[in-house]
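Asks: Provided herewith: coords35.txt, compact mmCIF, C-alpha atoms and all ligand atoms.
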```
# COMPACT_ATOMS: atom_id res chain seq x y z
CA MET W 1 -9.86 -18.02 -12.02
CA ALA W 2 -11.05 -14.90 -10.19
CA SER W 3 -9.94 -14.58 -6.60
CA ARG W 4 -10.30 -12.15 -3.70
CA ILE W 5 -7.10 -10.26 -2.94
CA LEU W 6 -6.22 -7.85 -0.12
CA VAL W 7 -3.43 -5.51 -1.19
CA VAL W 8 -1.68 -4.22 1.93
CA GLY W 9 0.22 -1.03 1.15
CA GLY W 10 -1.88 -0.80 -2.00
CA ALA W 11 -1.96 3.00 -2.15
CA GLY W 12 1.79 3.33 -2.70
CA TYR W 13 3.73 3.32 -5.95
CA ILE W 14 4.29 -0.38 -6.69
CA GLY W 15 1.34 -1.63 -4.63
CA SER W 16 -1.20 0.58 -6.39
CA ILE W 17 -0.04 -0.52 -9.83
CA CYS W 18 -0.07 -4.19 -8.83
CA ALA W 19 -3.57 -3.77 -7.33
CA TRP W 20 -4.82 -2.09 -10.51
CA ALA W 21 -3.30 -4.86 -12.65
CA MET W 22 -4.96 -7.56 -10.53
CA ALA W 23 -8.34 -5.86 -10.97
CA GLN W 24 -7.68 -5.55 -14.71
CA ALA W 25 -7.08 -9.31 -14.77
CA GLY W 26 -10.53 -9.88 -13.24
CA HIS W 27 -9.65 -10.41 -9.56
CA HIS W 28 -11.60 -8.79 -6.73
CA VAL W 29 -9.25 -6.31 -5.05
CA GLU W 30 -9.44 -4.40 -1.77
CA THR W 31 -6.74 -2.09 -0.45
CA TYR W 32 -5.35 -1.64 3.07
CA ASP W 33 -3.05 1.34 3.60
CA ASP W 34 -2.34 3.91 6.33
CA LEU W 35 -1.86 6.64 3.70
CA SER W 36 1.39 7.70 5.43
CA THR W 37 3.13 7.76 2.04
CA GLY W 38 0.39 6.37 -0.21
CA HIS W 39 -2.35 8.26 -2.02
CA ARG W 40 -6.10 7.77 -1.67
CA ALA W 41 -6.49 8.43 -5.41
CA ALA W 42 -4.12 5.56 -6.23
CA ALA W 43 -6.12 2.86 -4.41
CA THR W 44 -8.15 0.17 -6.21
CA GLY W 45 -11.41 -1.18 -4.75
CA THR W 46 -12.55 -0.53 -1.19
CA LEU W 47 -9.85 1.33 0.75
CA HIS W 48 -9.44 0.24 4.38
CA VAL W 49 -7.35 2.91 6.10
CA GLY W 50 -5.19 1.30 8.76
CA ASP W 51 -1.69 0.73 10.06
CA ILE W 52 -0.03 -2.61 9.40
CA ARG W 53 0.88 -2.81 13.10
CA ASP W 54 -2.80 -2.45 14.12
CA ARG W 55 -3.72 -6.03 14.84
CA GLY W 56 -7.35 -5.27 15.66
CA ARG W 57 -7.97 -3.37 12.45
CA LEU W 58 -6.12 -5.87 10.25
CA SER W 59 -7.92 -8.82 11.85
CA ALA W 60 -11.29 -7.16 11.29
CA VAL W 61 -10.55 -6.53 7.59
CA LEU W 62 -9.07 -9.99 7.01
CA GLY W 63 -11.84 -11.68 8.99
CA ALA W 64 -14.60 -10.03 6.96
CA GLY W 65 -13.09 -10.28 3.48
CA ARG W 66 -12.86 -14.03 2.71
CA PHE W 67 -9.59 -13.33 0.90
CA ASP W 68 -7.79 -16.01 -1.09
CA ALA W 69 -4.45 -14.21 -0.83
CA VAL W 70 -2.69 -11.12 0.47
CA MET W 71 -0.22 -9.03 -1.50
CA HIS W 72 1.97 -7.06 0.91
CA PHE W 73 3.76 -3.84 -0.04
CA ALA W 74 3.44 -1.81 3.17
CA ALA W 75 6.92 -0.71 4.21
CA LYS W 76 9.20 2.18 4.90
CA SER W 77 11.74 2.29 2.09
CA LEU W 78 14.15 5.21 2.48
CA VAL W 79 17.60 3.68 2.84
CA GLY W 80 19.16 6.86 4.27
CA GLU W 81 16.41 7.29 6.88
CA SER W 82 16.83 3.65 7.87
CA VAL W 83 20.45 4.35 8.77
CA SER W 84 19.53 7.28 11.03
CA HIS W 85 16.31 5.73 12.43
CA PRO W 86 16.73 1.94 12.22
CA LEU W 87 14.09 1.15 14.83
CA ARG W 88 11.32 2.60 12.64
CA TYR W 89 12.31 0.16 9.92
CA TYR W 90 12.40 -2.93 12.13
CA ASP W 91 9.14 -1.84 13.77
CA VAL W 92 7.12 -1.23 10.58
CA ASN W 93 8.77 -3.56 8.09
CA THR W 94 9.67 -6.53 10.27
CA GLY W 95 7.27 -6.17 13.20
CA GLY W 96 4.42 -5.06 10.93
CA THR W 97 4.86 -8.09 8.72
CA ALA W 98 4.89 -10.42 11.74
CA THR W 99 1.58 -8.87 12.80
CA LEU W 100 0.16 -9.29 9.31
CA LEU W 101 1.21 -12.97 9.20
CA GLN W 102 -0.42 -13.62 12.58
CA CYS W 103 -3.64 -11.89 11.49
CA MET W 104 -3.65 -13.87 8.25
CA GLN W 105 -3.27 -17.11 10.16
CA ASP W 106 -6.09 -16.14 12.56
CA ALA W 107 -8.33 -15.42 9.56
CA GLY W 108 -7.34 -18.62 7.73
CA VAL W 109 -5.67 -16.77 4.83
CA ARG W 110 -2.63 -18.84 3.87
CA ARG W 111 -1.26 -17.28 0.68
CA LEU W 112 1.04 -14.26 0.56
CA VAL W 113 3.04 -12.42 -2.08
CA PHE W 114 5.64 -10.27 -0.34
CA SER W 115 7.39 -7.21 -1.71
CA SER W 116 11.08 -7.91 -1.07
CA THR W 117 14.19 -6.32 -2.44
CA CYS W 118 17.63 -7.02 -3.83
CA ALA W 119 18.85 -4.93 -0.85
CA ILE W 120 18.71 -8.16 1.20
CA TYR W 121 21.87 -9.34 -0.59
CA GLY W 122 24.11 -6.36 0.27
CA ASP W 123 27.32 -5.75 -1.67
CA PRO W 124 27.56 -8.31 -4.46
CA VAL W 125 30.16 -11.04 -4.04
CA TYR W 126 29.44 -12.04 -7.65
CA LEU W 127 27.23 -10.85 -10.51
CA PRO W 128 24.59 -11.33 -11.74
CA LEU W 129 22.94 -11.75 -8.34
CA ASP W 130 21.00 -14.99 -8.07
CA GLU W 131 18.65 -16.07 -5.30
CA ASP W 132 21.38 -18.10 -3.55
CA HIS W 133 23.68 -15.10 -3.13
CA PRO W 134 24.71 -14.56 0.53
CA ARG W 135 22.45 -12.15 2.41
CA LYS W 136 24.46 -9.44 4.10
CA PRO W 137 22.41 -6.24 3.80
CA VAL W 138 24.30 -2.99 4.28
CA SER W 139 21.36 -0.91 5.56
CA PRO W 140 18.71 -1.39 8.25
CA TYR W 141 16.17 -1.13 5.42
CA GLY W 142 17.68 -4.16 3.68
CA ASP W 143 18.12 -5.94 6.98
CA SER W 144 14.49 -5.36 8.00
CA LYS W 145 13.42 -7.09 4.76
CA ARG W 146 16.00 -9.88 5.18
CA MET W 147 14.52 -10.59 8.60
CA VAL W 148 11.06 -10.73 7.05
CA GLU W 149 12.29 -13.32 4.59
CA GLU W 150 13.43 -15.45 7.54
CA LEU W 151 9.97 -15.15 9.05
CA LEU W 152 8.51 -16.16 5.72
CA ASP W 153 10.75 -19.23 5.51
CA ALA W 154 9.54 -20.28 8.95
CA CYS W 155 5.89 -19.71 8.03
CA ARG W 156 6.32 -21.70 4.82
CA GLU W 157 8.06 -24.58 6.59
CA ARG W 158 6.17 -24.72 9.88
CA GLU W 159 2.87 -22.87 9.56
CA GLY W 160 1.61 -24.29 6.30
CA MET W 161 1.58 -20.96 4.50
CA GLN W 162 2.30 -20.53 0.77
CA ILE W 163 4.51 -17.49 0.22
CA MET W 164 6.27 -15.90 -2.73
CA ALA W 165 8.92 -13.28 -1.84
CA LEU W 166 9.59 -11.14 -4.91
CA ARG W 167 12.94 -9.35 -4.74
CA TYR W 168 12.83 -6.26 -6.90
CA PHE W 169 15.79 -4.59 -8.45
CA ASN W 170 15.18 -0.91 -9.47
CA ALA W 171 11.46 -0.42 -10.01
CA ALA W 172 10.67 2.39 -12.45
CA GLY W 173 8.08 3.66 -14.91
CA ALA W 174 4.32 4.22 -14.77
CA THR W 175 1.15 2.82 -16.35
CA LEU W 176 1.00 3.41 -20.11
CA ASP W 177 -2.02 5.75 -19.83
CA GLY W 178 -0.24 7.87 -17.22
CA ALA W 179 -2.95 7.19 -14.61
CA LEU W 180 -0.70 5.65 -11.94
CA GLY W 181 2.92 6.44 -11.18
CA GLU W 182 5.55 7.36 -8.63
CA SER W 183 4.80 10.29 -6.31
CA HIS W 184 6.88 10.48 -3.15
CA ALA W 185 7.01 13.44 -0.74
CA THR W 186 10.68 12.54 -0.26
CA GLU W 187 12.06 11.40 -3.61
CA THR W 188 15.45 9.69 -3.69
CA HIS W 189 15.26 7.66 -6.92
CA LEU W 190 17.26 8.46 -9.99
CA ILE W 191 14.64 8.53 -12.76
CA PRO W 192 12.04 10.81 -11.08
CA LEU W 193 14.76 13.12 -9.77
CA ALA W 194 16.41 13.34 -13.19
CA LEU W 195 13.08 14.05 -14.91
CA ALA W 196 12.25 16.76 -12.36
CA ALA W 197 15.67 18.34 -12.95
CA ALA W 198 15.13 18.20 -16.73
CA MET W 199 11.76 19.95 -16.36
CA GLY W 200 13.31 22.65 -14.18
CA GLN W 201 11.26 21.58 -11.15
CA ARG W 202 14.31 20.68 -9.11
CA PRO W 203 17.94 21.75 -8.96
CA PRO W 204 20.40 19.92 -11.21
CA LEU W 205 20.74 16.22 -10.46
CA LYS W 206 23.71 15.24 -8.33
CA LEU W 207 25.51 12.45 -10.12
CA PHE W 208 26.73 10.32 -7.22
CA GLY W 209 30.15 8.99 -8.18
CA THR W 210 31.85 9.05 -11.56
CA ASP W 211 34.95 7.04 -10.65
CA TYR W 212 33.46 3.56 -10.31
CA GLU W 213 35.08 0.74 -12.25
CA THR W 214 32.21 0.53 -14.71
CA ARG W 215 32.07 1.29 -18.43
CA ASP W 216 31.50 5.03 -17.91
CA GLY W 217 32.46 5.47 -14.26
CA THR W 218 28.86 5.62 -12.96
CA CYS W 219 26.87 2.96 -11.11
CA VAL W 220 25.15 0.12 -12.95
CA ARG W 221 21.61 -0.84 -11.93
CA ASP W 222 18.90 -3.16 -13.23
CA TYR W 223 15.82 -1.03 -13.97
CA VAL W 224 12.63 -3.06 -14.19
CA HIS W 225 9.32 -1.64 -15.39
CA VAL W 226 6.64 -1.48 -12.72
CA LEU W 227 4.16 -3.04 -15.18
CA ASP W 228 6.47 -6.04 -15.48
CA LEU W 229 6.60 -6.23 -11.68
CA ALA W 230 2.80 -6.14 -11.63
CA GLU W 231 2.63 -9.00 -14.12
CA ALA W 232 5.03 -11.05 -11.96
CA HIS W 233 2.80 -10.44 -8.92
CA ARG W 234 -0.27 -11.59 -10.83
CA LEU W 235 1.54 -14.74 -11.93
CA ALA W 236 2.81 -15.32 -8.38
CA VAL W 237 -0.71 -15.15 -6.91
CA GLU W 238 -1.98 -17.49 -9.57
CA ARG W 239 0.85 -19.99 -8.96
CA LEU W 240 -0.01 -20.00 -5.24
CA LEU W 241 -3.68 -20.56 -6.06
CA GLN W 242 -2.58 -23.55 -8.13
CA GLY W 243 -0.89 -24.97 -5.02
CA HIS W 244 2.76 -23.89 -5.32
CA ALA W 245 4.44 -23.68 -1.90
CA GLY W 246 6.15 -20.39 -2.80
CA MET W 247 9.80 -19.28 -2.72
CA GLY W 248 12.07 -16.26 -3.16
CA LEU W 249 12.41 -14.91 -6.71
CA ASN W 250 14.46 -12.08 -8.17
CA LEU W 251 12.60 -9.62 -10.39
CA GLY W 252 15.00 -7.83 -12.68
CA THR W 253 15.73 -7.82 -16.38
CA GLY W 254 19.36 -8.86 -16.04
CA ILE W 255 20.29 -5.78 -18.05
CA GLY W 256 22.67 -3.35 -16.38
CA THR W 257 22.29 0.36 -17.18
CA THR W 258 24.63 3.09 -15.93
CA VAL W 259 23.48 6.40 -14.46
CA ARG W 260 24.84 8.23 -17.50
CA GLU W 261 22.94 5.85 -19.79
CA VAL W 262 19.73 6.70 -17.92
CA LEU W 263 20.37 10.41 -18.45
CA ALA W 264 21.05 9.79 -22.14
CA ALA W 265 17.79 7.83 -22.43
CA ILE W 266 15.87 10.71 -20.86
CA HIS W 267 17.44 13.10 -23.37
CA ARG W 268 16.64 10.79 -26.28
CA VAL W 269 13.07 10.11 -25.25
CA THR W 270 11.96 13.55 -24.05
CA GLY W 271 14.31 15.86 -25.93
CA MET W 272 15.24 17.38 -22.55
CA ALA W 273 18.83 17.29 -21.33
CA VAL W 274 19.21 16.50 -17.63
CA PRO W 275 21.20 19.25 -15.92
CA HIS W 276 23.58 17.59 -13.49
CA ASP W 277 26.53 18.21 -11.21
CA LEU W 278 29.23 15.67 -10.49
CA ALA W 279 29.15 14.67 -6.83
CA ASP W 280 30.89 12.30 -4.46
CA ARG W 281 29.85 8.68 -4.22
CA ARG W 282 26.73 8.12 -2.10
CA PRO W 283 27.70 6.00 0.92
CA GLY W 284 26.47 2.42 0.62
CA ASP W 285 26.05 2.39 -3.19
CA PRO W 286 27.68 -0.71 -4.72
CA PRO W 287 29.21 -0.10 -8.19
CA ALA W 288 26.96 -2.59 -9.94
CA LEU W 289 23.79 -4.56 -9.20
CA PHE W 290 21.90 -6.66 -11.69
CA ALA W 291 19.80 -9.75 -11.51
CA GLN W 292 19.96 -13.32 -12.55
CA ALA W 293 16.17 -13.63 -12.97
CA ASN W 294 15.87 -17.01 -14.67
CA ARG W 295 14.07 -18.51 -11.71
CA ALA W 296 11.12 -16.10 -12.01
CA ARG W 297 11.01 -16.89 -15.70
CA SER W 298 10.90 -20.64 -15.15
CA VAL W 299 8.73 -20.77 -12.02
CA LEU W 300 6.23 -18.08 -13.03
CA GLY W 301 6.62 -18.05 -16.80
CA TRP W 302 7.41 -14.34 -16.39
CA GLN W 303 8.77 -12.50 -19.40
CA PRO W 304 9.37 -8.74 -18.98
CA GLN W 305 7.70 -6.79 -21.80
CA HIS W 306 9.24 -3.36 -21.21
CA GLU W 307 12.95 -4.11 -20.78
CA ASP W 308 14.26 -1.30 -22.89
CA ILE W 309 15.42 1.66 -20.77
CA ASP W 310 13.85 4.07 -23.29
CA ALA W 311 10.46 2.40 -22.80
CA ILE W 312 10.83 2.60 -19.03
CA VAL W 313 11.85 6.24 -19.11
CA ALA W 314 9.07 7.16 -21.59
CA THR W 315 6.29 6.08 -19.22
CA ALA W 316 8.02 7.72 -16.25
CA ALA W 317 8.23 10.96 -18.28
CA THR W 318 4.54 10.86 -19.24
CA TRP W 319 3.69 10.56 -15.56
CA ALA W 320 6.20 13.20 -14.43
CA ARG W 321 4.74 15.76 -16.85
CA ALA W 322 1.21 15.34 -15.43
CA PRO W 323 1.13 13.44 -12.12
CA ARG W 324 -2.46 12.76 -11.05
CA TYR W 325 -1.55 12.95 -7.34
N1 LIG G 401 21.73 8.41 -8.21
C1 LIG G 401 22.38 9.58 -8.53
N2 LIG G 401 21.79 10.77 -8.16
C2 LIG G 401 20.60 10.82 -7.48
C3 LIG G 401 19.95 9.60 -7.16
C4 LIG G 401 20.55 8.42 -7.55
O1 LIG G 401 23.45 9.59 -9.12
O2 LIG G 401 20.14 11.92 -7.14
C5 LIG G 401 22.36 7.13 -8.60
C6 LIG G 401 22.67 6.24 -7.40
O3 LIG G 401 23.97 6.52 -6.93
C7 LIG G 401 22.56 4.84 -8.00
C8 LIG G 401 21.51 5.00 -9.10
O4 LIG G 401 21.42 6.40 -9.36
O5 LIG G 401 23.77 4.48 -8.60
C9 LIG G 401 20.15 4.48 -8.70
O6 LIG G 401 19.81 5.05 -7.45
P1 LIG G 401 18.36 4.94 -6.84
O7 LIG G 401 18.36 5.72 -5.55
O8 LIG G 401 17.35 5.29 -7.86
O9 LIG G 401 18.19 3.39 -6.54
P2 LIG G 401 19.07 2.37 -5.67
O10 LIG G 401 19.87 1.59 -6.66
O11 LIG G 401 19.91 3.15 -4.72
O12 LIG G 401 18.05 1.54 -4.98
```
Please lay out the structure from this file as structure tokens.
Ligand code: UDP
Replies:
Amino acid sequence: MASRILVVGGAGYIGSICAWAMAQAGHHVETYDDLSTGHRAAATGTLHVGDIRDRGRLSAVLGAGRFDAVMHFAAKSLVGESVSHPLRYYDVNTGGTATLLQCMQDAGVRRLVFSSTCAIYGDPVYLPLDEDHPRKPVSPYGDSKRMVEELLDACREREGMQIMALRYFNAAGATLDGALGESHATETHLIPLALAAAMGQRPPLKLFGTDYETRDGTCVRDYVHVLDLAEAHRLAVERLLQGHAGMGLNLGTGIGTTVREVLAAIHRVTGMAVPHDLADRRPGDPPALFAQANRARSVLGWQPQHEDIDAIVATAATWARAPRY
């Protein structure tokens, strides 16, 4: 069943790949993005350049498009910056989403898939993290998204909207043909930084913390391939179109991988060793985070296809060698 989808924040890393995947699946896709961190070349379909806080612009686009659903990725996502400039995060992420919801309601668009994060949970009280885990984010970034999820609960319960909130663990990788991938002016994520260090494009990687109580002393994370995230978004939109009320769902593989294991995978897959220096722990990093993602599997029928860390790293490496933007 082909539908009309507006992808807000669709020129960024995850949004652009989800938009492309929706178009591949036969849906009509248009993109809305302010290009503050996104790339024109990454957008699918008509690109409407606009800020998520611009109610006039958003209303005009939503009013004209006869959209069946919105997928929403527009957000500021640098955890460190959110600590030094929290207001920017509440303004764009929380305030911007409130504006989007109001504009959707005005235009009669009732279905939303929201890009959420495991950062809403904060330091794990137990592992794996399931959807009922307490929500005590440790950064304004995580808190801005937690607040959005409260707004979404209210809109689901009181405003008749159908909303899936997809909580990603560590998104990584690129499309298999190397056409779309991760390109940030300020890069903070492990895999792109490690690949850049391996290719001699950046100084040696700083390995943040080697004295955690984990199997090799480094942090454990749940890396999930961006193509698997895209598939979950497609399934989420289709479930909403079938009439599901929507809910919060974790998107992770449930597999924990340490930082050293990521570096070993890069070496194995590319033949390049990752030069690195041992560094202090990065403030705010919990020792281990990984998902209990059974709910996404049962509600959406989602089954990650690229769980292996080598497969994730391989596509990230193809992209890193020849980024298109
Ligand atoms: N990390 C690291 N060096 C870096 C960037 C990240 O050692 O330059 C570690 C970080 O401490 C964490 C893991 O890699 O344990 C994943 O970090 P990333 O920033 O990619 O994602 P996060 O889990 O913080 O969202």
Asks: With 6 Å added on each side, what axis-aligned box encloses every listed atom of ligand LIG 401 (chain G)? Give the centre and edge lengths in Å to one decimal, as AutoDock Vina command-line options.
Replies:
```
--center_x 20.7 --center_y 6.7 --center_z -7.0 --size_x 18.6 --size_y 22.4 --size_z 16.6
```
Asks: Between CA of Arg57 in chain W and CA of Glu150 in chain W, what is the distance in Å, rounded to a tenth?
Replies: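 According to the coordinates, CA of Arg57 in chain W and CA of Glu150 in chain W are separated by 25.1 Å.
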Asks: Provide the CA of Arg110 in chain W to CA of Leu78 in chain W distance in Å, to one decimal place.
Replies: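 Going from CA of Arg110 in chain W over to CA of Leu78 in chain W, I get 29.4 Å.
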Asks: Just the residues within 10 Å of Leu195 in chain W, please, counting all atoms listed in the file, with nothing from its chain fewer than 3 positions along; format it as a PyMOL selection string.
Replies: chain W and resi 190-192+198-202+205+263+266-267+270+272-275+313+316-317+320-321
Asks: Could you check which of W:Ala119, W:Ala291, W:Val8, W:Ala265 is closest to ligand LIG 401 (chain G), using all atoms listed in the file?
Replies: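 Checking each candidate against ligand LIG 401 (chain G), we get W:Ala119 as the closest.
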Asks: Go through chain W residue by residue and, counting all atoms listed in the file, keep those with an atom at most 7 Å from ligand LIG 401 (chain G); for each kept residue give the shortest atom pair and its distance in Å to one decimal, ordered by chain and increasing number, as JSON lines.
Replies:
```
{"residue": "W:Asn170", "atom": "CA", "partner": "G:LIG401", "partner_atom": "O12", "distance": 5.9}
{"residue": "W:Thr188", "atom": "CA", "partner": "G:LIG401", "partner_atom": "O7", "distance": 5.3}
{"residue": "W:His189", "atom": "CA", "partner": "G:LIG401", "partner_atom": "O8", "distance": 3.3}
{"residue": "W:Leu190", "atom": "CA", "partner": "G:LIG401", "partner_atom": "O8", "distance": 3.8}
{"residue": "W:Ile191", "atom": "CA", "partner": "G:LIG401", "partner_atom": "O8", "distance": 6.5}
{"residue": "W:Leu193", "atom": "CA", "partner": "G:LIG401", "partner_atom": "O2", "distance": 6.1}
{"residue": "W:Leu205", "atom": "CA", "partner": "G:LIG401", "partner_atom": "O2", "distance": 5.5}
{"residue": "W:Lys206", "atom": "CA", "partner": "G:LIG401", "partner_atom": "N2", "distance": 4.9}
{"residue": "W:Leu207", "atom": "CA", "partner": "G:LIG401", "partner_atom": "O1", "distance": 3.7}
{"residue": "W:Phe208", "atom": "CA", "partner": "G:LIG401", "partner_atom": "O1", "distance": 3.9}
{"residue": "W:Gly209", "atom": "CA", "partner": "G:LIG401", "partner_atom": "O3", "distance": 6.8}
{"residue": "W:Thr218", "atom": "CA", "partner": "G:LIG401", "partner_atom": "O5", "distance": 6.8}
{"residue": "W:Cys219", "atom": "CA", "partner": "G:LIG401", "partner_atom": "O5", "distance": 4.3}
{"residue": "W:Val220", "atom": "CA", "partner": "G:LIG401", "partner_atom": "O5", "distance": 6.3}
{"residue": "W:Arg221", "atom": "CA", "partner": "G:LIG401", "partner_atom": "O10", "distance": 6.1}
{"residue": "W:Val259", "atom": "CA", "partner": "G:LIG401", "partner_atom": "O4", "distance": 5.5}
{"residue": "W:Arg281", "atom": "CA", "partner": "G:LIG401", "partner_atom": "O3", "distance": 6.8}
{"residue": "W:Arg282", "atom": "CA", "partner": "G:LIG401", "partner_atom": "O3", "distance": 5.8}
{"residue": "W:Asp285", "atom": "CA", "partner": "G:LIG401", "partner_atom": "O3", "distance": 5.9}
```
Asks: Generate the output file for the selected residues, C-alpha atoms, as a PDB file, keeping the file's coordinate frame.
Replies:
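File produced: result.pdb:
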```pdb
ATOM      1  CA  ASN W 170      15.180  -0.910  -9.470  1.00  0.00           C
ATOM      2  CA  THR W 188      15.450   9.690  -3.690  1.00  0.00           C
ATOM      3  CA  HIS W 189      15.260   7.660  -6.920  1.00  0.00           C
ATOM      4  CA  LEU W 190      17.260   8.460  -9.990  1.00  0.00           C
ATOM      5  CA  ILE W 191      14.640   8.530 -12.760  1.00  0.00           C
ATOM      6  CA  LEU W 193      14.760  13.120  -9.770  1.00  0.00           C
ATOM      7  CA  LEU W 205      20.740  16.220 -10.460  1.00  0.00           C
ATOM      8  CA  LYS W 206      23.710  15.240  -8.330  1.00  0.00           C
ATOM      9  CA  LEU W 207      25.510  12.450 -10.120  1.00  0.00           C
ATOM     10  CA  PHE W 208      26.730  10.320  -7.220  1.00  0.00           C
ATOM     11  CA  GLY W 209      30.150   8.990  -8.180  1.00  0.00           C
ATOM     12  CA  THR W 218      28.860   5.620 -12.960  1.00  0.00           C
ATOM     13  CA  CYS W 219      26.870   2.960 -11.110  1.00  0.00           C
ATOM     14  CA  VAL W 220      25.150   0.120 -12.950  1.00  0.00           C
ATOM     15  CA  ARG W 221      21.610  -0.840 -11.930  1.00  0.00           C
ATOM     16  CA  VAL W 259      23.480   6.400 -14.460  1.00  0.00           C
ATOM     17  CA  ARG W 281      29.850   8.680  -4.220  1.00  0.00           C
ATOM     18  CA  ARG W 282      26.730   8.120  -2.100  1.00  0.00           C
ATOM     19  CA  ASP W 285      26.050   2.390  -3.190  1.00  0.00           C
TER      20      ASP W 285
END
```
Asks: Which residue, W:His276, W:His225, W:Arg111, W:His133, has the smallest gap to Ala171 in chain W when you use only C-alpha atoms?
Replies: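 Closest residue, counting only C-alpha atoms: W:His225.
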Asks: Contacts between range 11-21 of chain W and range 213-306 of chain W, please, where a residue of range 213-306 of chain W counts if it comes within 10 Å (with only C-alpha atoms); show its shortest atom pair and distance in Å to one decimal, rows by chain and ascending number, as a Markdown table.
Replies:
```
| residue | atom | partner | partner_atom | distance |
| --- | --- | --- | --- | --- |
| W:Val226 | CA | W:Ile14 | CA | 6.6 |
| W:Leu227 | CA | W:Ile17 | CA | 7.3 |
| W:Asp228 | CA | W:Cys18 | CA | 9.5 |
| W:Leu229 | CA | W:Cys18 | CA | 7.5 |
| W:Ala230 | CA | W:Cys18 | CA | 4.5 |
| W:Glu231 | CA | W:Ala21 | CA | 7.4 |
| W:Ala232 | CA | W:Cys18 | CA | 9.1 |
| W:His233 | CA | W:Cys18 | CA | 6.9 |
| W:Arg234 | CA | W:Ala21 | CA | 7.6 |
```
Asks: Please check which residues have atoms at most 12 Å from (-8.6, -8.4, 10.1) in the file's coordinates, counting all atoms listed in the file, and write them as a PyMOL selection string.
Replies: chain W and resi 6+8+32+48+50-67+70+99-109
Asks: Nearest to Ala42 in chain W: which of W:Gly256, W:Arg324, W:Arg146, W:Gly217 is it, counting only C-alpha atoms?
Replies: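 The shortest atom-to-atom distance to Ala42 in chain W comes from W:Arg324.
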Asks: From the list W:Val269, W:Ala179, W:Leu251, W:Cys155, which residue is nearest Val299 in chain W when using all atoms listed in the file?
Replies: W:Leu251
Asks: Given all atoms listed in the file as the basis, pick out the residue of W:Pro86, W:Arg40, W:Gly178, W:Thr31 nearest to Ala74 in chain W.
Replies: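 Closest candidate: W:Thr31.
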Asks: Quick one: residues within 8 Å of (-8.5, -10.7, -3.6) (file frame), counting all atoms listed in the file, please, as a PyMOL selection string.
Replies: chain W and resi 3-7+27-30+67-70
Asks: Residues near Gly181 in chain W, anyone? I mean within 7 Å using only C-alpha atoms, not counting same-chain ones fewer than 6 positions away, as a ChimeraX atom specification.
Replies: /W:13,173-175,319
Asks: I need the residues from that last selection saved to file as a short mmCIF file (atom, residue, chain, number, x, y, z; two decimals), in the frame of the given file (with C-alpha atoms), if you can.
Replies:
```cif
data_model
loop_
_atom_site.label_atom_id
_atom_site.label_comp_id
_atom_site.auth_asym_id
_atom_site.auth_seq_id
_atom_site.Cartn_x
_atom_site.Cartn_y
_atom_site.Cartn_z
CA TYR W 13 3.73 3.32 -5.95
CA GLY W 173 8.08 3.66 -14.91
CA ALA W 174 4.32 4.22 -14.77
CA THR W 175 1.15 2.82 -16.35
CA TRP W 319 3.69 10.56 -15.56
#
```
Asks: Rank nothing, just name the residue among W:Glu187, W:Asp34, W:Glu157, W:Glu261 nearest to Asp222 in chain W, using all atoms listed in the file.
Replies: W:Glu261
Asks: Applying 12 Å and all atoms listed in the file, which residues near Leu127 in chain W remain after dropping the ones on its own chain fewer than 2 positions away? List them as JSON, numbers by chain.
Replies: {"W": [121, 123, 124, 125, 129, 130, 131, 132, 133, 134, 220, 221, 222, 254, 255, 256, 286, 287, 288, 289, 290, 291, 292, 293]}
Asks: Can you work out the spacing between CA of Asn93 in chain W and CA of Met164 in chain W in Å, to one decimal?
Replies: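 Distance reported for this atom pair: 16.6 Å.
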Asks: Could I see range 79-87 of chain W restored to N, CA and C atoms, set down as a PDB file, in the coordinates of the input?
Replies:
```
ATOM      1  N   VAL W  79      16.383   4.305   2.318  1.00  0.00           N
ATOM      2  CA  VAL W  79      17.600   3.680   2.840  1.00  0.00           C
ATOM      3  C   VAL W  79      18.331   4.611   3.803  1.00  0.00           C
ATOM      4  N   GLY W  80      18.441   5.885   3.428  1.00  0.00           N
ATOM      5  CA  GLY W  80      19.160   6.860   4.270  1.00  0.00           C
ATOM      6  C   GLY W  80      18.476   7.025   5.624  1.00  0.00           C
ATOM      7  N   GLU W  81      17.155   7.149   5.618  1.00  0.00           N
ATOM      8  CA  GLU W  81      16.410   7.290   6.880  1.00  0.00           C
ATOM      9  C   GLU W  81      16.589   6.045   7.743  1.00  0.00           C
ATOM     10  N   SER W  82      16.692   4.886   7.085  1.00  0.00           N
ATOM     11  CA  SER W  82      16.830   3.650   7.870  1.00  0.00           C
ATOM     12  C   SER W  82      18.151   3.614   8.624  1.00  0.00           C
ATOM     13  N   VAL W  83      19.156   4.301   8.084  1.00  0.00           N
ATOM     14  CA  VAL W  83      20.450   4.350   8.770  1.00  0.00           C
ATOM     15  C   VAL W  83      20.340   5.250  10.004  1.00  0.00           C
ATOM     16  N   SER W  84      19.627   6.384   9.872  1.00  0.00           N
ATOM     17  CA  SER W  84      19.530   7.280  11.030  1.00  0.00           C
ATOM     18  C   SER W  84      18.442   6.861  12.016  1.00  0.00           C
ATOM     19  N   HIS W  85      17.391   6.165  11.527  1.00  0.00           N
ATOM     20  CA  HIS W  85      16.310   5.730  12.430  1.00  0.00           C
ATOM     21  C   HIS W  85      15.993   4.250  12.199  1.00  0.00           C
ATOM     22  N   PRO W  86      16.937   3.367  12.535  1.00  0.00           N
ATOM     23  CA  PRO W  86      16.730   1.940  12.220  1.00  0.00           C
ATOM     24  C   PRO W  86      15.489   1.347  12.874  1.00  0.00           C
ATOM     25  N   LEU W  87      15.193   1.793  14.097  1.00  0.00           N
ATOM     26  CA  LEU W  87      14.090   1.150  14.830  1.00  0.00           C
ATOM     27  C   LEU W  87      12.767   1.261  14.070  1.00  0.00           C
TER      28      LEU W  87
END
```
